[in-house]
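The structure under discussion appears below in the form of structure tokens.
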Amino acid sequence: MFPSTIQKLIEIFSKFPTIGPRTAARFVFYLIETPNEKIEELIKSISDLKEKIKICSFCFNSFEPEFFELGKKEKEICPFCSDNSRDKTVVCIVAKEADLEAIEKTKQYKGLYFVLGGMTTGIFNKEKKEEMEQKVDALIERIKKSEPKIKEIILAINSTVEGESVCFWLQRKFKILACAGEGDSVKIVQLGRGLPLGGELEYADEETLSSALENRK
């Protein structure tokens with residue numbers, strides 16, 4: 001059994017996505033051998049992360065705000081939502097920020113985004129499901145009031161069993177719009193063929209994602 005100080009840090013690292021106890025232990029022993037100045041740099045970076053990074057009130061994307069006037073009011077929405085050159089009539093829903101970045105690298109998509117947050121399997125976790133419900137409900141309200149009107153919603157979710165379940169859940173949620181007479185003109189589409197079955201957007205190459213975007217249906 002490791003000393004309690006080491007064990008506690010292993011348990012903390014083990015809570016990170018895809019990190020098991022063995023990998024977490026490697027992290028801890030790497031830190032033990034790391035010089036103090038590098039540890040201080042790491043601590044400061046984590047502190048800066050919590051202090052400077054904000055969540056966009058429109059799309060829930062993480063971003064570092066700029067200031068309207070030096071030392072005064074900071075922007076509350078991310079660069080994508082505040083960019084007037086982007087197509088405000090199209091919204092691309094992604095599971096996480098890494099998927100957003102993957103789509104941006106294709107340079108094929110010029111609309112807005114909406115980040116569900118976390119892994120798509122989170123829909124089967126009660127706490128995560130409630131968080132996602134609140135976010136999607138906020139998006140539905142935004143669609144009802146949007147000017148210009150949102151015409152298309154792209155479900156850019158991983159082509160996995162869990163991803164398909166999330167897409168089905170989202171489609172059911174958006175039926176609320178049609179039932180309320182608000183979403184008759186909103187087109188709900190998924191990425192087209194090109195993204196392999198079981199593949200994750202984060203790891204797809206730019207050419208594959210470009211093809212999937214172009215052939216969405």
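Chains: A, B, ... in order of the structure tokens. Residues: from 1 per chain. Ligands: from 1, in order shown.
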
Among the residues of region 74-168 of chain A, find those DSSP assigns to strand (DSSP E or B) from the backbone and print them as a ChimeraX atom specification.
/A:74,87-94,111-115,152-156

Can you spit out the residues from that selection as an mmCIF file, in the first residue's frame, using C-alpha atoms?
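Written output follows (result.cif):
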data_model
loop_
_atom_site.group_PDB
_atom_site.id
_atom_site.type_symbol
_atom_site.label_atom_id
_atom_site.label_comp_id
_atom_site.auth_asym_id
_atom_site.auth_seq_id
_atom_site.Cartn_x
_atom_site.Cartn_y
_atom_site.Cartn_z
ATOM 1 C CA GLU A 74 -15.332 41.119 -20.067
ATOM 2 C CA ASP A 87 -23.880 31.835 -40.084
ATOM 3 C CA LYS A 88 -26.336 32.382 -37.231
ATOM 4 C CA THR A 89 -28.980 30.141 -38.829
ATOM 5 C CA VAL A 90 -27.037 26.883 -38.342
ATOM 6 C CA VAL A 91 -26.097 25.207 -35.034
ATOM 7 C CA CYS A 92 -23.758 22.230 -34.769
ATOM 8 C CA ILE A 93 -24.211 20.169 -31.601
ATOM 9 C CA VAL A 94 -21.067 18.398 -30.348
ATOM 10 C CA GLY A 111 -22.065 28.257 -38.352
ATOM 11 C CA LEU A 112 -22.498 28.270 -34.565
ATOM 12 C CA TYR A 113 -21.855 25.489 -32.037
ATOM 13 C CA PHE A 114 -23.494 23.982 -28.984
ATOM 14 C CA VAL A 115 -21.465 21.863 -26.536
ATOM 15 C CA GLU A 152 -30.635 23.804 -39.359
ATOM 16 C CA ILE A 153 -29.312 21.784 -36.412
ATOM 17 C CA ILE A 154 -26.434 19.406 -37.099
ATOM 18 C CA LEU A 155 -26.011 16.494 -34.686
ATOM 19 C CA ALA A 156 -22.223 16.000 -34.826
#

Excluding region 50-62 of chain A and residues on its chain fewer than 2 positions from it, collect all residues at most 6 Å away from it, counting only C-alpha atoms, and give them as a list in words.
Ser47, Asp48, Glu64, Ile77, Cys78, Phe114 and Val115 of chain A

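Going from CA of Glu76 (chain A) over to CA of Ile188 (chain A), you cover 27.7 Å.
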
Find the spatial neighbours of Gly117 (chain A), counting only C-alpha atoms, within a cut-off of 8 Å - ignore same-chain residues fewer than 5 positions away - and output them as an MDAnalysis selection string.
chainID A and resid 60 95:97 132

Leaving out Gln134 (chain A) and any residue of its chain fewer than 4 positions from it, which residues lie within 12 Å of it when counting only C-alpha atoms, given as a VMD selection string?
chain A and resid 60 116 to 117 127 to 130 138 to 141 173

Those same residues, written as an mmCIF file, in the first residue's frame with N, CA and C atoms?
data_model
loop_
_atom_site.group_PDB
_atom_site.id
_atom_site.type_symbol
_atom_site.label_atom_id
_atom_site.label_comp_id
_atom_site.auth_asym_id
_atom_site.auth_seq_id
_atom_site.Cartn_x
_atom_site.Cartn_y
_atom_site.Cartn_z
ATOM 1 N N PHE A 60 -22.034 27.102 -24.313
ATOM 2 C CA PHE A 60 -21.366 26.300 -23.283
ATOM 3 C C PHE A 60 -19.962 25.848 -23.692
ATOM 4 N N LEU A 116 -22.600 19.915 -25.630
ATOM 5 C CA LEU A 116 -23.376 19.182 -24.623
ATOM 6 C C LEU A 116 -22.586 19.023 -23.329
ATOM 7 N N GLY A 117 -21.280 18.779 -23.463
ATOM 8 C CA GLY A 117 -20.435 18.615 -22.276
ATOM 9 C C GLY A 117 -20.199 17.159 -21.930
ATOM 10 N N GLU A 127 -26.913 12.342 -13.017
ATOM 11 C CA GLU A 127 -26.474 13.724 -12.821
ATOM 12 C C GLU A 127 -26.111 14.382 -14.150
ATOM 13 N N LYS A 128 -25.359 13.667 -14.979
ATOM 14 C CA LYS A 128 -24.963 14.194 -16.290
ATOM 15 C C LYS A 128 -26.180 14.380 -17.180
ATOM 16 N N LYS A 129 -27.125 13.442 -17.118
ATOM 17 C CA LYS A 129 -28.334 13.542 -17.942
ATOM 18 C C LYS A 129 -29.120 14.794 -17.575
ATOM 19 N N GLU A 130 -29.230 15.091 -16.276
ATOM 20 C CA GLU A 130 -29.952 16.292 -15.849
ATOM 21 C C GLU A 130 -29.268 17.555 -16.354
ATOM 22 N N ALA A 138 -32.262 24.891 -22.711
ATOM 23 C CA ALA A 138 -31.827 26.278 -22.932
ATOM 24 C C ALA A 138 -31.674 26.545 -24.430
ATOM 25 N N LEU A 139 -31.158 25.536 -25.171
ATOM 26 C CA LEU A 139 -31.011 25.683 -26.614
ATOM 27 C C LEU A 139 -32.372 25.796 -27.291
ATOM 28 N N ILE A 140 -33.328 24.995 -26.844
ATOM 29 C CA ILE A 140 -34.670 25.043 -27.420
ATOM 30 C C ILE A 140 -35.288 26.423 -27.230
ATOM 31 N N GLU A 141 -35.127 26.987 -26.043
ATOM 32 C CA GLU A 141 -35.635 28.332 -25.785
ATOM 33 C C GLU A 141 -34.933 29.364 -26.659
ATOM 34 N N LYS A 173 -36.090 15.332 -28.179
ATOM 35 C CA LYS A 173 -36.169 16.637 -27.508
ATOM 36 C C LYS A 173 -36.611 17.727 -28.486
#

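Put simply, CA of Gly163 (chain A) is 27.1 Å away from CA of Lys149 (chain A).
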